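Trainee: Provided herewith is a single structure, encoded as structure tokens, for subsequent inquiry.
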Amino acid sequence: VQLQASGGGLVQAGGSLRLSCAASGRTFSRHAVAWFRQVPGKERAFVSFISGNGGRAHYADSVKGRFTISRDNAKNTVYLHMNILEPEDTAVYYCAADLDTYDLRSRHYASSLYEYWGQGTLVTVSS
């Protein structure tokens, strides 16, 4: 599975962006996908997770109520809809994927469990 993240950019606080994670391969629906973000000098942090069939989603506390994850398996794409953006959301956002297993669903926040990663897309939120 190869992943391509896109949709980042510069936005004012309170604004919105939609990130996309496009995947190659015929088994995309068997893969769960997560978004992580990273700022310089800090570890990559979990943002959101969606199961292979889209039936289960998880969010970091810091983005609950503002971000929504979704997927379109017919298009091999996962989306992260980001609303009410804050300067603290500024980071490079990465999408990651791996087979949708019980273990992954249980520990969806652990970046080490994901084998496939996109290249990252920069989101900058100005105050």
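We name chains A, B, ... following the order of the structure tokens; residues begin at 1 in each chain, and ligands are numbered from 1 as shown.
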What's the 8 Å shell around A:Leu3, counting only C-alpha atoms, without same-chain residues fewer than 4 positions away, as a ChimeraX atom specification?
Mentor: /A:21-24,95-96,116-119
Trainee: Write out as a list of chain:residue names the residues lying within 8 Å of A:Ser70, counting only C-alpha atoms and excluding same-chain residues fewer than 4 positions away.
Mentor: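 Returned residues: A:Ile50, A:Gly54, A:Val78, A:Tyr79, A:Leu80.
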Trainee: Next, write the just-selected residues to a file, as a PDB file, in the first residue's frame, keeping N, CA, C and O atoms as the atom set.
Mentor:
ATOM      1  N   ILE A  50      -9.630   5.486  11.602  1.00  0.00           N
ATOM      2  CA  ILE A  50     -10.862   4.944  11.040  1.00  0.00           C
ATOM      3  C   ILE A  50     -10.616   3.502  10.633  1.00  0.00           C
ATOM      4  O   ILE A  50      -9.571   3.166  10.058  1.00  0.00           O
ATOM      5  N   GLY A  54     -14.962   1.742   7.802  1.00  0.00           N
ATOM      6  CA  GLY A  54     -15.440   3.056   8.212  1.00  0.00           C
ATOM      7  C   GLY A  54     -16.384   3.047   9.394  1.00  0.00           C
ATOM      8  O   GLY A  54     -16.904   4.090   9.790  1.00  0.00           O
ATOM      9  N   VAL A  78      -9.031   8.377   2.241  1.00  0.00           N
ATOM     10  CA  VAL A  78      -9.486   8.759   3.576  1.00  0.00           C
ATOM     11  C   VAL A  78      -9.358  10.272   3.698  1.00  0.00           C
ATOM     12  O   VAL A  78      -8.391  10.855   3.193  1.00  0.00           O
ATOM     13  N   TYR A  79     -10.311  10.874   4.359  1.00  0.00           N
ATOM     14  CA  TYR A  79     -10.341  12.325   4.522  1.00  0.00           C
ATOM     15  C   TYR A  79     -10.268  12.693   6.005  1.00  0.00           C
ATOM     16  O   TYR A  79     -10.785  11.971   6.861  1.00  0.00           O
ATOM     17  N   LEU A  80      -9.680  13.820   6.266  1.00  0.00           N
ATOM     18  CA  LEU A  80      -9.722  14.411   7.599  1.00  0.00           C
ATOM     19  C   LEU A  80     -10.272  15.827   7.449  1.00  0.00           C
ATOM     20  O   LEU A  80      -9.604  16.710   6.922  1.00  0.00           O
TER      21      LEU A  80
END
Trainee: Might you pull out every residue within 8 Å of A:Ser16, with only C-alpha atoms counted and same-chain residues fewer than 4 positions away left off, and present them as a list in words?
Mentor: Val11, His81, Met82, Asn83, Ile84 and Leu85 of chain A
Trainee: Pull N, CA and C atoms from the residues just selected and write them as a PDB file, in the first residue's frame.
Mentor:
ATOM      1  N   VAL A  11      -4.050  28.602   6.825  1.00  0.00           N
ATOM      2  CA  VAL A  11      -5.421  29.004   7.106  1.00  0.00           C
ATOM      3  C   VAL A  11      -5.432  29.829   8.385  1.00  0.00           C
ATOM      4  N   HIS A  81     -11.497  16.008   7.896  1.00  0.00           N
ATOM      5  CA  HIS A  81     -12.150  17.310   7.839  1.00  0.00           C
ATOM      6  C   HIS A  81     -11.805  18.051   9.129  1.00  0.00           C
ATOM      7  N   MET A  82     -11.125  19.163   8.988  1.00  0.00           N
ATOM      8  CA  MET A  82     -10.658  19.912  10.154  1.00  0.00           C
ATOM      9  C   MET A  82     -11.373  21.256  10.214  1.00  0.00           C
ATOM     10  N   ASN A  83     -12.113  21.464  11.278  1.00  0.00           N
ATOM     11  CA  ASN A  83     -12.874  22.699  11.464  1.00  0.00           C
ATOM     12  C   ASN A  83     -12.394  23.420  12.718  1.00  0.00           C
ATOM     13  N   ILE A  84     -12.740  24.671  12.813  1.00  0.00           N
ATOM     14  CA  ILE A  84     -12.390  25.514  13.970  1.00  0.00           C
ATOM     15  C   ILE A  84     -10.906  25.331  14.294  1.00  0.00           C
ATOM     16  N   LEU A  85     -10.087  25.495  13.291  1.00  0.00           N
ATOM     17  CA  LEU A  85      -8.658  25.271  13.462  1.00  0.00           C
ATOM     18  C   LEU A  85      -8.049  26.289  14.421  1.00  0.00           C
TER      19      LEU A  85
END
Trainee: From stretch 7-121 of chain A, collect each residue whose DSSP state is strand (DSSP E or B) and return the set as a ChimeraX atom specification.
Mentor: /A:9-12,17-23,31-38,45-50,57-59,67-72,77-82,91-99,116-117,121
